$ cat structure.txt   # compact mmCIF, C-alpha atoms and all ligand atoms
# COMPACT_ATOMS: atom_id res chain seq x y z
CA MET A 342 28.00 0.21 -10.20
CA SER A 343 28.56 -0.76 -6.63
CA MET A 344 30.36 0.99 -3.81
CA SER A 345 31.90 -1.10 -1.08
CA THR A 346 33.80 0.15 1.91
CA SER A 347 35.59 -2.24 4.14
CA SER A 348 35.77 -1.56 7.85
CA SER A 349 36.37 -3.37 11.08
CA THR A 350 34.16 -6.38 11.67
CA SER A 351 31.09 -4.41 12.82
CA LEU A 352 29.35 -1.37 11.43
CA VAL A 353 28.06 1.17 13.94
CA ILE A 354 24.51 2.49 13.76
CA GLY A 355 23.86 5.75 15.61
CA ILE A 356 20.35 6.52 16.84
CA PRO A 357 19.93 10.17 17.83
CA LYS A 358 17.04 11.46 19.93
CA GLU A 359 14.37 13.13 17.80
CA THR A 360 14.20 16.86 18.40
CA GLY A 361 11.35 17.85 16.05
CA SER A 362 8.34 19.48 17.68
CA GLY A 363 5.71 16.96 18.75
CA GLU A 364 7.90 14.01 17.77
CA THR A 365 7.75 11.20 20.31
CA ARG A 366 9.10 8.34 18.21
CA VAL A 367 12.62 6.96 17.96
CA ALA A 368 14.07 5.14 14.95
CA VAL A 369 14.41 1.81 16.79
CA SER A 370 12.68 -0.15 19.55
CA PRO A 371 14.52 -2.42 21.99
CA GLU A 372 13.20 -5.39 19.95
CA ALA A 373 14.66 -3.92 16.75
CA VAL A 374 17.99 -3.19 18.46
CA LYS A 375 18.23 -6.79 19.62
CA LYS A 376 17.87 -7.89 15.99
CA LEU A 377 20.49 -5.40 14.79
CA VAL A 378 22.97 -6.65 17.39
CA LYS A 379 22.23 -10.23 16.36
CA ARG A 380 23.13 -9.28 12.79
CA GLY A 381 26.52 -8.02 14.03
CA PHE A 382 25.94 -4.25 14.28
CA ARG A 383 27.09 -2.12 17.17
CA VAL A 384 24.43 0.39 18.16
CA TRP A 385 25.03 3.81 19.70
CA ILE A 386 21.82 5.23 21.10
CA GLU A 387 21.56 8.78 22.39
CA LYS A 388 20.60 8.84 26.06
CA SER A 389 16.84 9.13 26.62
CA ALA A 390 16.17 8.77 22.86
CA GLY A 391 13.35 6.31 23.56
CA THR A 392 11.85 7.86 26.68
CA LYS A 393 8.92 9.56 24.97
CA ALA A 394 8.12 6.37 23.07
CA GLY A 395 7.93 4.44 26.34
CA PHE A 396 11.38 2.83 26.06
CA PRO A 397 13.59 3.78 29.03
CA ASP A 398 17.37 3.61 28.52
CA GLU A 399 17.53 0.37 30.56
CA ASP A 400 15.43 -1.39 27.91
CA PHE A 401 18.13 -0.74 25.32
CA GLN A 402 21.02 -1.86 27.47
CA MET A 403 22.43 -5.06 26.07
CA GLU A 404 25.75 -6.28 24.75
CA GLY A 405 26.71 -4.34 21.62
CA VAL A 406 24.79 -1.21 22.64
CA GLU A 407 26.25 1.98 24.07
CA MET A 408 24.26 4.93 25.37
CA VAL A 409 25.95 8.06 24.00
CA ASP A 410 25.52 11.83 23.51
CA ALA A 411 23.98 13.36 20.36
CA LYS A 412 27.32 14.24 18.81
CA THR A 413 28.57 10.67 19.10
CA ALA A 414 25.32 9.26 17.69
CA PHE A 415 25.68 11.49 14.60
CA SER A 416 29.32 10.44 14.13
CA ALA A 417 28.37 6.79 13.47
CA GLN A 418 28.92 5.11 10.08
CA ILE A 419 25.15 4.73 9.73
CA VAL A 420 22.73 7.18 11.33
CA ALA A 421 19.06 6.14 11.58
CA LYS A 422 16.50 8.81 12.41
CA ILE A 423 12.80 9.43 11.90
CA LEU A 424 12.75 13.12 10.91
CA LYS A 425 15.30 14.62 8.55
CA PRO A 426 18.34 16.06 10.33
CA SER A 427 18.95 19.78 10.77
CA PHE A 428 21.88 21.45 9.00
CA ASP A 429 23.77 21.40 12.29
CA GLU A 430 23.20 17.69 12.68
CA ILE A 431 24.26 17.00 9.09
CA GLY A 432 27.43 18.95 9.89
CA GLN A 433 28.22 16.42 12.61
CA MET A 434 28.04 13.45 10.23
CA LYS A 435 31.15 11.84 8.78
CA LYS A 436 32.00 11.90 5.08
CA GLY A 437 30.88 8.61 3.50
CA SER A 438 28.47 7.82 6.31
CA VAL A 439 24.91 6.71 5.59
CA LEU A 440 21.76 8.51 6.69
CA VAL A 441 18.44 6.72 6.88
CA SER A 442 15.52 9.07 7.63
CA LEU A 443 12.50 10.80 6.23
CA ILE A 444 13.76 13.52 3.91
CA GLU A 445 10.67 15.54 2.83
CA PRO A 446 11.89 15.47 -0.79
CA TYR A 447 9.38 18.03 -2.05
CA LYS A 448 10.42 20.71 0.43
CA LEU A 449 13.30 22.47 -1.27
CA ASP A 450 15.03 23.87 1.79
CA GLY A 451 18.68 23.14 1.02
CA THR A 452 18.87 19.83 2.87
CA PHE A 453 19.97 17.90 -0.23
CA GLU A 454 22.75 20.42 -0.92
CA LYS A 455 23.92 20.21 2.69
CA LEU A 456 23.94 16.39 2.64
CA ALA A 457 25.84 16.31 -0.65
CA GLN A 458 28.42 18.82 0.62
CA ALA A 459 28.94 16.71 3.74
CA GLY A 460 29.47 13.62 1.54
CA VAL A 461 26.61 11.78 3.25
CA GLU A 462 24.94 8.85 1.49
CA ALA A 463 21.35 9.75 2.35
CA PHE A 464 18.31 7.50 2.01
CA GLY A 465 14.91 9.21 1.95
CA MET A 466 12.62 6.66 3.53
CA GLU A 467 9.49 8.03 1.84
CA LEU A 468 11.12 7.34 -1.56
CA ILE A 469 11.29 3.57 -1.06
CA PRO A 470 9.25 2.23 -4.01
CA ARG A 471 5.75 0.85 -3.35
CA THR A 472 6.60 -2.65 -4.61
CA SER A 473 6.22 -6.07 -3.02
CA ARG A 474 9.99 -6.48 -2.58
CA ALA A 475 10.26 -3.11 -0.85
CA GLN A 476 7.20 -3.51 1.37
CA ALA A 477 9.21 -4.55 4.44
CA MET A 478 11.15 -1.24 4.27
CA ASP A 479 8.18 0.96 3.46
CA VAL A 480 7.78 3.44 6.32
CA LEU A 481 4.96 5.29 4.54
CA SER A 482 2.91 2.10 4.81
CA SER A 483 3.96 1.13 8.32
CA GLN A 484 3.23 4.61 9.66
CA ALA A 485 0.10 5.28 7.58
CA GLY A 486 -1.54 2.13 8.90
CA ILE A 487 -1.00 3.41 12.43
CA ALA A 488 -2.38 6.80 11.44
CA GLY A 489 -5.56 5.31 9.96
CA TYR A 490 -6.20 3.35 13.13
CA ARG A 491 -5.58 6.30 15.43
CA ALA A 492 -7.68 8.72 13.34
CA VAL A 493 -10.76 6.56 13.86
CA LEU A 494 -10.16 6.45 17.63
CA GLU A 495 -9.81 10.25 17.69
CA ALA A 496 -13.15 10.55 15.88
CA SER A 497 -14.85 8.07 18.18
CA THR A 498 -13.84 9.93 21.35
CA ARG A 499 -15.11 13.27 20.03
CA TYR A 500 -18.38 11.92 18.70
CA GLY A 501 -21.22 12.33 21.18
CA ARG A 502 -22.80 9.07 20.11
CA PHE A 503 -21.89 5.40 19.81
CA PHE A 504 -20.13 3.79 16.85
CA PRO A 505 -21.89 0.40 17.27
CA LEU A 506 -25.56 -0.43 17.41
CA MET A 507 -26.54 -0.44 21.11
CA MET A 508 -29.77 -1.87 22.37
CA THR A 509 -30.29 -1.44 26.07
CA SER A 510 -33.23 -1.25 28.47
CA ALA A 511 -32.57 2.49 28.57
CA GLY A 512 -33.03 2.93 24.86
CA SER A 513 -31.13 2.12 21.72
CA ALA A 514 -28.48 3.85 19.63
CA LYS A 515 -28.07 3.50 15.88
CA PRO A 516 -24.66 2.60 14.47
CA ALA A 517 -22.58 5.54 13.21
CA LYS A 518 -22.36 6.06 9.48
CA VAL A 519 -18.67 6.37 8.68
CA MET A 520 -17.36 7.49 5.30
CA ILE A 521 -13.70 6.93 4.44
CA LEU A 522 -12.40 9.11 1.60
CA GLY A 523 -9.27 7.69 0.00
CA ALA A 524 -8.67 3.97 0.48
CA GLY A 525 -4.88 3.82 0.45
CA VAL A 526 -2.93 2.41 3.37
CA ALA A 527 -4.37 4.77 6.01
CA GLY A 528 -7.88 4.57 4.58
CA LEU A 529 -7.96 0.76 4.54
CA GLN A 530 -6.79 0.61 8.16
CA ALA A 531 -9.42 3.24 9.06
CA ILE A 532 -12.09 1.06 7.43
CA ALA A 533 -10.93 -1.99 9.40
CA THR A 534 -10.86 -0.04 12.68
CA ALA A 535 -14.28 1.56 12.19
CA LYS A 536 -15.72 -1.87 11.31
CA LYS A 537 -14.23 -3.34 14.49
CA LEU A 538 -15.98 -0.60 16.45
CA GLY A 539 -19.28 -1.64 14.89
CA ALA A 540 -19.93 1.32 12.57
CA LEU A 541 -21.61 1.17 9.17
CA VAL A 542 -18.69 1.90 6.88
CA GLU A 543 -18.54 3.04 3.29
CA ALA A 544 -15.52 4.23 1.36
CA TYR A 545 -14.68 6.12 -1.80
CA ASP A 546 -11.49 6.36 -3.83
CA VAL A 547 -10.83 7.82 -7.24
CA ARG A 548 -8.88 4.64 -8.11
CA ALA A 549 -11.51 2.08 -9.04
CA GLU A 550 -9.09 -0.82 -8.43
CA VAL A 551 -9.50 -0.48 -4.65
CA LYS A 552 -13.14 -1.57 -4.82
CA GLU A 553 -12.32 -5.20 -3.98
CA GLN A 554 -10.05 -4.25 -1.08
CA ILE A 555 -12.78 -2.06 0.41
CA GLN A 556 -15.38 -4.78 0.02
CA SER A 557 -13.10 -7.46 1.46
CA LEU A 558 -12.98 -5.43 4.68
CA GLY A 559 -16.78 -5.50 4.83
CA ALA A 560 -17.34 -1.88 3.77
CA LYS A 561 -19.47 -0.56 0.95
CA PHE A 562 -17.66 0.91 -2.06
CA VAL A 563 -19.11 4.23 -3.18
CA GLU A 564 -18.97 4.53 -6.94
CA LEU A 565 -19.05 8.01 -8.47
CA ASP A 566 -18.81 8.74 -12.17
CA VAL A 567 -16.37 11.67 -12.38
CA GLY A 568 -15.92 11.11 -16.10
CA GLU A 569 -12.22 10.26 -16.03
CA GLU A 570 -9.71 7.69 -14.77
CA GLY A 571 -8.11 8.56 -11.42
CA SER A 572 -5.24 6.05 -11.30
CA GLY A 573 -1.76 7.45 -11.78
CA THR A 574 1.63 5.74 -11.65
CA GLY A 575 3.07 3.51 -8.92
CA GLY A 576 -0.32 2.73 -7.34
CA TYR A 577 -0.97 6.41 -6.58
CA ALA A 578 -3.84 8.62 -7.72
CA LYS A 579 -3.35 11.35 -10.32
CA GLU A 580 -4.76 14.83 -10.14
CA LEU A 581 -8.15 15.18 -11.84
CA SER A 582 -8.88 17.88 -14.43
CA GLU A 583 -10.67 21.01 -13.19
CA GLU A 584 -13.90 19.65 -14.65
CA GLY A 585 -13.37 16.25 -13.00
CA LYS A 586 -12.71 17.92 -9.64
CA LYS A 587 -15.94 19.93 -9.83
CA LYS A 588 -17.95 16.87 -10.78
CA GLN A 589 -16.41 14.86 -7.96
CA GLN A 590 -17.12 17.57 -5.39
CA ALA A 591 -20.74 17.93 -6.52
CA LEU A 592 -21.39 14.17 -6.40
CA LEU A 593 -19.64 13.76 -3.06
CA THR A 594 -21.42 16.72 -1.45
CA GLU A 595 -24.78 14.94 -1.58
CA ARG A 596 -23.33 11.66 -0.19
CA LEU A 597 -21.36 13.31 2.60
CA LYS A 598 -24.38 15.12 4.04
CA LYS A 599 -25.60 11.71 5.20
CA SER A 600 -22.37 10.76 7.03
CA ASP A 601 -21.88 11.05 10.80
CA ILE A 602 -18.13 10.61 10.61
CA ILE A 603 -15.80 11.33 7.70
CA ILE A 604 -12.18 10.16 7.74
CA SER A 605 -10.49 11.71 4.72
CA THR A 606 -7.05 10.53 3.65
CA ALA A 607 -6.85 11.60 -0.01
CA ASN A 608 -3.39 12.67 -1.08
CA ILE A 609 -1.39 12.96 -4.27
CA PRO A 610 2.38 12.79 -3.65
CA GLY A 611 4.11 16.15 -4.09
CA ARG A 612 0.86 18.08 -4.66
CA LYS A 613 -1.75 19.88 -2.60
CA ALA A 614 -4.43 17.49 -1.35
CA PRO A 615 -7.66 17.48 -3.39
CA VAL A 616 -10.72 19.22 -1.93
CA LEU A 617 -13.37 16.54 -1.47
CA ILE A 618 -15.48 17.99 1.35
CA THR A 619 -17.16 21.28 0.41
CA GLU A 620 -18.55 23.78 2.89
CA GLU A 621 -22.00 22.93 1.56
CA ALA A 622 -21.47 19.27 2.51
CA VAL A 623 -20.40 20.31 6.02
CA LYS A 624 -23.47 22.53 6.41
CA GLY A 625 -25.66 19.58 5.44
CA MET A 626 -24.18 17.27 8.11
CA ARG A 627 -25.90 16.72 11.44
CA ALA A 628 -24.54 18.79 14.35
CA GLY A 629 -22.03 16.79 16.37
CA SER A 630 -20.71 14.95 13.31
CA VAL A 631 -16.93 14.58 13.11
CA ILE A 632 -14.53 15.08 10.21
CA VAL A 633 -10.97 13.83 10.56
CA ASP A 634 -8.99 15.51 7.80
CA MET A 635 -5.86 13.39 7.55
CA ALA A 636 -4.63 15.52 4.66
CA ALA A 637 -4.60 18.65 6.88
CA ALA A 638 -0.80 18.90 6.68
CA ASN A 639 -1.05 19.03 2.92
CA GLY A 640 -3.74 21.71 2.50
CA GLY A 641 -6.61 19.50 3.65
CA ASN A 642 -9.40 17.59 1.92
CA CYS A 643 -11.75 20.20 3.41
CA PRO A 644 -10.97 23.92 3.30
CA LEU A 645 -12.49 24.35 6.78
CA SER A 646 -10.09 22.07 8.65
CA VAL A 647 -7.09 23.54 10.45
CA ALA A 648 -3.77 21.70 10.66
CA ASP A 649 -2.90 20.48 14.17
CA GLN A 650 -6.13 21.78 15.67
CA VAL A 651 -9.57 20.61 16.68
CA VAL A 652 -12.16 23.19 15.63
CA VAL A 653 -15.97 23.27 15.39
CA LYS A 654 -17.57 24.80 12.30
CA HIS A 655 -21.25 24.66 11.36
CA GLY A 656 -21.67 22.37 14.39
CA VAL A 657 -19.22 19.81 12.96
CA VAL A 658 -16.03 18.85 14.80
CA PHE A 659 -12.91 19.03 12.61
CA ILE A 660 -9.82 17.11 13.68
CA GLY A 661 -6.72 18.30 11.84
CA PHE A 662 -3.93 16.41 13.59
CA THR A 663 -0.90 15.80 11.42
CA LYS A 664 1.26 13.52 13.58
CA TYR A 665 -0.79 10.39 14.21
CA PRO A 666 2.13 7.92 14.34
CA ALA A 667 3.67 10.06 17.12
CA MET A 668 0.45 9.44 19.08
CA VAL A 669 1.16 5.68 19.03
CA PRO A 670 4.92 6.01 19.55
CA ALA A 671 5.91 2.59 20.88
CA ASP A 672 4.44 0.56 18.04
CA ALA A 673 5.26 3.26 15.46
CA SER A 674 8.94 3.19 16.55
CA ASN A 675 8.98 -0.60 16.55
CA PHE A 676 7.58 -0.76 13.00
CA TYR A 677 9.97 1.98 11.82
CA GLY A 678 12.87 0.08 13.44
CA HIS A 679 11.94 -3.06 11.52
CA ASN A 680 11.76 -1.06 8.29
CA VAL A 681 15.32 0.15 9.06
CA ILE A 682 16.54 -3.41 9.72
CA ASN A 683 15.15 -4.57 6.39
CA LEU A 684 16.93 -1.73 4.61
CA MET A 685 20.15 -2.71 6.41
CA ASP A 686 19.74 -6.24 5.07
CA LEU A 687 19.80 -4.71 1.59
CA ILE A 688 22.73 -2.30 1.95
CA VAL A 689 25.06 -4.15 4.31
CA GLN A 690 26.90 -7.29 3.34
CA LYS A 691 28.75 -9.70 5.57
CA LYS A 692 31.85 -11.52 4.38
CA ASP A 693 34.02 -13.71 6.61
CA GLY A 694 32.19 -12.21 9.59
CA ALA A 695 33.00 -8.60 8.59
CA GLN A 696 30.23 -6.16 7.70
CA SER A 697 30.60 -3.59 4.92
CA LEU A 698 28.37 -1.21 3.03
CA ASN A 699 27.19 -2.26 -0.39
CA LEU A 700 25.31 0.54 -2.14
CA ASN A 701 24.42 -1.12 -5.41
CA LEU A 702 22.95 1.66 -7.53
CA GLU A 703 21.50 -0.89 -9.94
CA ASP A 704 19.14 -2.14 -7.26
CA ASP A 705 15.78 -0.44 -7.87
CA ILE A 706 15.12 0.24 -4.18
CA ILE A 707 18.55 1.81 -3.61
CA ALA A 708 18.32 3.70 -6.90
CA ALA A 709 14.95 5.21 -5.90
CA ALA A 710 15.68 6.07 -2.27
CA LEU A 711 19.36 7.17 -2.27
CA VAL A 712 19.05 10.95 -2.64
CA THR A 713 22.72 11.92 -2.33
CA HIS A 714 25.74 9.89 -3.37
CA SER A 715 29.49 10.67 -3.46
CA GLY A 716 28.86 14.40 -3.08
CA ASP A 717 26.11 14.60 -5.73
CA ILE A 718 22.35 15.07 -5.46
CA ARG A 719 20.63 12.13 -7.14
CA PHE A 720 17.00 13.02 -6.33
CA LYS A 721 15.04 14.50 -9.21
CA LYS A 722 11.56 15.89 -8.71
CA LYS A 723 9.11 14.19 -11.10
N1 LIG B 801 4.44 -2.26 -1.27
C1 LIG B 801 3.39 -2.03 -2.03
O1 LIG B 801 3.14 -2.70 -2.98
C2 LIG B 801 2.56 -0.85 -1.70
C3 LIG B 801 2.67 -0.29 -0.44
C4 LIG B 801 1.89 0.82 -0.15
C5 LIG B 801 1.05 1.33 -1.09
N2 LIG B 801 0.95 0.78 -2.31
C6 LIG B 801 0.06 1.33 -3.33
O2 LIG B 801 -0.04 2.72 -3.26
C7 LIG B 801 -1.41 3.08 -3.07
C8 LIG B 801 -1.58 4.42 -2.39
O3 LIG B 801 -0.87 4.45 -1.20
P1 LIG B 801 -1.00 5.58 -0.10
O4 LIG B 801 -1.93 5.12 0.94
O5 LIG B 801 0.36 5.96 0.35
O6 LIG B 801 -1.66 6.79 -0.89
P2 LIG B 801 -1.76 8.33 -0.58
O7 LIG B 801 -1.52 8.61 0.87
O8 LIG B 801 -0.94 9.05 -1.58
O9 LIG B 801 -3.31 8.62 -0.90
C9 LIG B 801 -4.34 8.05 -0.13
C10 LIG B 801 -5.49 7.66 -1.03
O10 LIG B 801 -6.16 8.84 -1.53
C11 LIG B 801 -6.65 8.53 -2.80
N3 LIG B 801 -6.99 9.76 -3.55
C12 LIG B 801 -6.16 10.68 -4.10
N4 LIG B 801 -6.86 11.65 -4.73
C13 LIG B 801 -8.17 11.34 -4.56
C14 LIG B 801 -9.38 11.95 -4.96
N5 LIG B 801 -9.40 13.07 -5.68
N6 LIG B 801 -10.55 11.34 -4.62
C15 LIG B 801 -10.54 10.20 -3.91
N7 LIG B 801 -9.44 9.58 -3.48
C16 LIG B 801 -8.26 10.14 -3.82
C17 LIG B 801 -5.54 7.73 -3.43
O11 LIG B 801 -6.01 6.96 -4.54
C18 LIG B 801 -5.08 6.86 -2.27
O12 LIG B 801 -5.74 5.60 -2.25
C19 LIG B 801 -1.95 1.87 -2.33
O13 LIG B 801 -3.29 1.75 -2.26
C20 LIG B 801 -1.30 0.76 -3.12
O14 LIG B 801 -1.92 0.55 -4.36
C21 LIG B 801 1.69 -0.32 -2.65
$ encode --input "structure.txt" --output "structure tokens" --more "lines below"
Ligand SMILES: NC(=O)c1ccc[n+]([C@@H]2O[C@H](COP(=O)([O-])OP(=O)(O)OC[C@H]3O[C@@H](n4cnc5c(N)ncnc54)[C@H](O)[C@@H]3O)[C@@H](O)[C@H]2O)c1
Amino acid sequence: MSMSTSSSTSLVIGIPKETGSGETRVAVSPEAVKKLVKRGFRVWIEKSAGTKAGFPDEDFQMEGVEMVDAKTAFSAQIVAKILKPSFDEIGQMKKGSVLVSLIEPYKLDGTFEKLAQAGVEAFGMELIPRTSRAQAMDVLSSQAGIAGYRAVLEASTRYGRFFPLMMTSAGSAKPAKVMILGAGVAGLQAIATAKKLGALVEAYDVRAEVKEQIQSLGAKFVELDVGEEGSGTGGYAKELSEEGKKKQQALLTERLKKSDIIISTANIPGRKAPVLITEEAVKGMRAGSVIVDMAAANGGNCPLSVADQVVVKHGVVFIGFTKYPAMVPADASNFYGHNVINLMDLIVQKKDGAQSLNLNLEDDIIAAALVTHSGDIRFKKK
């Protein structure tokens, strides 16, 4: 089944300014806009939408682009955003228009109902499948890589010692021992970044298949026998049994006491993050050690970390930031913008020079990510 709408020669993409607290990104960069215009789109960008990301309005000004107010941006045929729109903003969208944004599918706050009522064709960018074909549209990957990089830098600036081995005439410093928990997209980038800084890096994941990836980055793979298989579907981890969790915590506690820095990234989609760092492990760490709990928004991998705060407990610094990509807004926006372009290449067709929407529900990427369609909610919680 395919839905095509014909229009004038160009489709219009509206880019509103993000209004969420702490959000500094914008859904496109000037480089991404240039590519959209080249493909034949007209782009309406809300004034000052890119300012916080380091893109002044002048950088967006080119043929095919108009700087507009928020209302106009939301009235476009396609609206591209980072954070999901508010009810008010959804109310400003046109029936049959397309929304491309994060959608927080597991937060049941009425957004799906509102989108369906408004007749919006909404894509939830975090629902793009984790497949090779979809990789170029995968914002979870593009943004998690940035987060993994930034998390290591945050740890390094709060650690009162060096990451690399330093031998000077004024004495020497040993390299930091960095443990990465969870070697998904963020974890692998954290390994690479910590290695570049000269640390001794080891990493653990409940999915044994990541061993090779960890080793190929020059880190040591920590093997723990938790007595069960941790791989779930779609490349993600599954939740361990209560017994498995206890075993994992006990085995990890002894290892973690020896770490100077822990970057923990372990998540299970749609569930509370697993507890991997016990209070006992924290108490056993040297004072001045640093734990970056990248799962803090999702309950945390350590019960002592606090979302969006830096706190010190048992002499250990806990970093609980939850918006790492917004701390690297120019590159994060540029990557997000390219993810949007690649999705446009999938859902927009060009015939005799005229662009039109082509929402082919038999395409696996569209089928997975389109959460509302023709007034109905398509998303089903697994
Ligand atoms: N396009 C693609 O093909 C593509 C893109 C991105 C990711 N993926 C796959 O998805 C995987 C996970 O991606 P993600 O980074 O979004 O994952 P995520 O953010 O959901 O989780 C981060 C990591 O935590 C690990 N984890 C969960 N529970 C754990 C526990 N109890 N103990 C230790 N580790 C635990 C997971 O195995 C995962 O590696 C990737 O490694 C890859 O296999 C594929």
$ residues_around --input "structure.txt" --residues "Phe676 in chain A" --least-positions-apart "4" --cutoff "10 Å" --atoms "all atoms listed in the file" --output "PyMOL selection string"
chain A and resi 368-370+373+477-480+482-484+487+670-672+680-682
$ residues_around --input "structure.txt" --residues "range 664-669 of chain A" --least-positions-apart "5" --cutoff "8 Å" --atoms "all atoms listed in the file" --output "PyMOL selection string"
chain A and resi 363-366+484-485+487-488+491-492
$ residues_near_ligand --input "structure.txt" --ligand "ligand LIG 801 (chain B)" --cutoff "6 Å" --atoms "all atoms listed in the file" --output "ChimeraX atom specification"
/A:471-473,475-476,482,522-527,546-548,576-578,606-610,615
$ atom_distance --input "structure.txt" --atom1 "CA of Val353 in chain A" --atom2 "CA of Met434 in chain A"
12.8 Å
$ residues_near_point --input "structure.txt" --point "(26.9, 5.8, 13.0)" --cutoff "10 Å" --atoms "only C-alpha atoms" --output "ChimeraX atom specification"
/A:352-357,383-386,413-421,434-435,438-440
$ closest_atom_pairs --input "structure.txt" --of "range 618-662 of chain A" --to "range 589-600 of chain A" --cutoff "7 Å" --atoms "all atoms listed in the file" --output "tab-separated table"
residue	atom	partner	partner_atom	distance
A:Ile618	CA	A:Thr594	CA	6.7
A:Thr619	CA	A:Thr594	CA	6.5
A:Glu621	CA	A:Thr594	CA	6.9
A:Ala622	CA	A:Thr594	CA	4.7
A:Val623	CA	A:Lys598	CA	6.8
A:Gly625	CA	A:Lys598	CA	4.8
A:Met626	CA	A:Lys598	CA	4.6
$ residues_around --input "structure.txt" --residues "Pro397 in chain A" --least-positions-apart "6" --cutoff "12 Å" --atoms "only C-alpha atoms" --output "MDAnalysis selection string"
chainID A and resid 367 370:371 386:391 408 671
$ residues_near_point --input "structure.txt" --point "(-16.7, 22.5, 15.3)" --cutoff "10 Å" --atoms "all atoms listed in the file" --output "PyMOL selection string"
chain A and resi 628-632+645-646+651-660
$ atom_distance --input "structure.txt" --atom1 "CA of Asp704 in chain A" --atom2 "CA of Phe464 in chain A"
13.4 Å
$ residues_around --input "structure.txt" --residues "range 688-691 of chain A" --least-positions-apart "5" --cutoff "12 Å" --atoms "all atoms listed in the file" --output "PyMOL selection string"
chain A and resi 343-354+377+380-382+418-419+439-441+462+464+478+681-683+696-702+704+706-708+710-711
$ residues_around --input "structure.txt" --residues "Ala549 in chain A" --least-positions-apart "4" --cutoff "10 Å" --atoms "only C-alpha atoms" --output "NGL selection string"
:A and (545 or 553 or 562-565 or 570-572)
$ atom_distance --input "structure.txt" --atom1 "CA of Leu424 in chain A" --atom2 "CA of Gly661 in chain A"
20.2 Å
$ closest_residue --input "structure.txt" --among "A:Ala531, A:Ile521, A:Leu581, A:Val493" --to "Glu569 in chain A" --atoms "only C-alpha atoms"
A:Leu581
$ decode --input "structure.txt" --residues "range 400-415 of chain A" --atoms "N, CA and C atoms" --output "PDB file, in the first residue's frame"
ATOM      1  N   ASP A 400      23.973  32.137   7.969  1.00  0.00           N
ATOM      2  CA  ASP A 400      24.555  30.909   7.413  1.00  0.00           C
ATOM      3  C   ASP A 400      23.530  30.058   6.657  1.00  0.00           C
ATOM      4  N   PHE A 401      22.245  30.291   6.981  1.00  0.00           N
ATOM      5  CA  PHE A 401      21.201  29.510   6.301  1.00  0.00           C
ATOM      6  C   PHE A 401      20.691  30.219   5.052  1.00  0.00           C
ATOM      7  N   GLN A 402      21.043  31.507   4.918  1.00  0.00           N
ATOM      8  CA  GLN A 402      20.432  32.255   3.827  1.00  0.00           C
ATOM      9  C   GLN A 402      21.004  31.878   2.475  1.00  0.00           C
ATOM     10  N   MET A 403      20.187  31.240   1.687  1.00  0.00           N
ATOM     11  CA  MET A 403      20.576  30.839   0.333  1.00  0.00           C
ATOM     12  C   MET A 403      19.283  30.718  -0.476  1.00  0.00           C
ATOM     13  N   GLU A 404      19.421  30.602  -1.758  1.00  0.00           N
ATOM     14  CA  GLU A 404      18.242  30.480  -2.612  1.00  0.00           C
ATOM     15  C   GLU A 404      17.444  29.247  -2.186  1.00  0.00           C
ATOM     16  N   GLY A 405      16.131  29.385  -2.081  1.00  0.00           N
ATOM     17  CA  GLY A 405      15.307  28.249  -1.690  1.00  0.00           C
ATOM     18  C   GLY A 405      15.008  28.210  -0.203  1.00  0.00           C
ATOM     19  N   VAL A 406      15.647  29.121   0.564  1.00  0.00           N
ATOM     20  CA  VAL A 406      15.434  29.134   2.014  1.00  0.00           C
ATOM     21  C   VAL A 406      14.756  30.431   2.419  1.00  0.00           C
ATOM     22  N   GLU A 407      13.763  30.304   3.293  1.00  0.00           N
ATOM     23  CA  GLU A 407      13.136  31.512   3.861  1.00  0.00           C
ATOM     24  C   GLU A 407      13.217  31.441   5.366  1.00  0.00           C
ATOM     25  N   MET A 408      13.529  32.557   6.010  1.00  0.00           N
ATOM     26  CA  MET A 408      13.527  32.604   7.474  1.00  0.00           C
ATOM     27  C   MET A 408      12.113  33.033   7.881  1.00  0.00           C
ATOM     28  N   VAL A 409      11.475  32.252   8.741  1.00  0.00           N
ATOM     29  CA  VAL A 409      10.045  32.452   9.022  1.00  0.00           C
ATOM     30  C   VAL A 409       9.785  32.462  10.532  1.00  0.00           C
ATOM     31  N   ASP A 410       8.501  32.658  10.917  1.00  0.00           N
ATOM     32  CA  ASP A 410       8.152  32.547  12.341  1.00  0.00           C
ATOM     33  C   ASP A 410       7.758  31.095  12.643  1.00  0.00           C
ATOM     34  N   ALA A 411       7.569  30.788  13.932  1.00  0.00           N
ATOM     35  CA  ALA A 411       7.311  29.397  14.340  1.00  0.00           C
ATOM     36  C   ALA A 411       6.062  28.848  13.669  1.00  0.00           C
ATOM     37  N   LYS A 412       5.016  29.659  13.640  1.00  0.00           N
ATOM     38  CA  LYS A 412       3.737  29.214  13.097  1.00  0.00           C
ATOM     39  C   LYS A 412       3.882  28.770  11.635  1.00  0.00           C
ATOM     40  N   THR A 413       4.635  29.562  10.886  1.00  0.00           N
ATOM     41  CA  THR A 413       4.838  29.242   9.471  1.00  0.00           C
ATOM     42  C   THR A 413       5.652  27.953   9.337  1.00  0.00           C
ATOM     43  N   ALA A 414       6.685  27.827  10.184  1.00  0.00           N
ATOM     44  CA  ALA A 414       7.521  26.616  10.102  1.00  0.00           C
ATOM     45  C   ALA A 414       6.664  25.367  10.342  1.00  0.00           C
ATOM     46  N   PHE A 415       5.741  25.442  11.312  1.00  0.00           N
ATOM     47  CA  PHE A 415       4.894  24.273  11.611  1.00  0.00           C
ATOM     48  C   PHE A 415       3.817  24.037  10.545  1.00  0.00           C
TER      49      PHE A 415
END
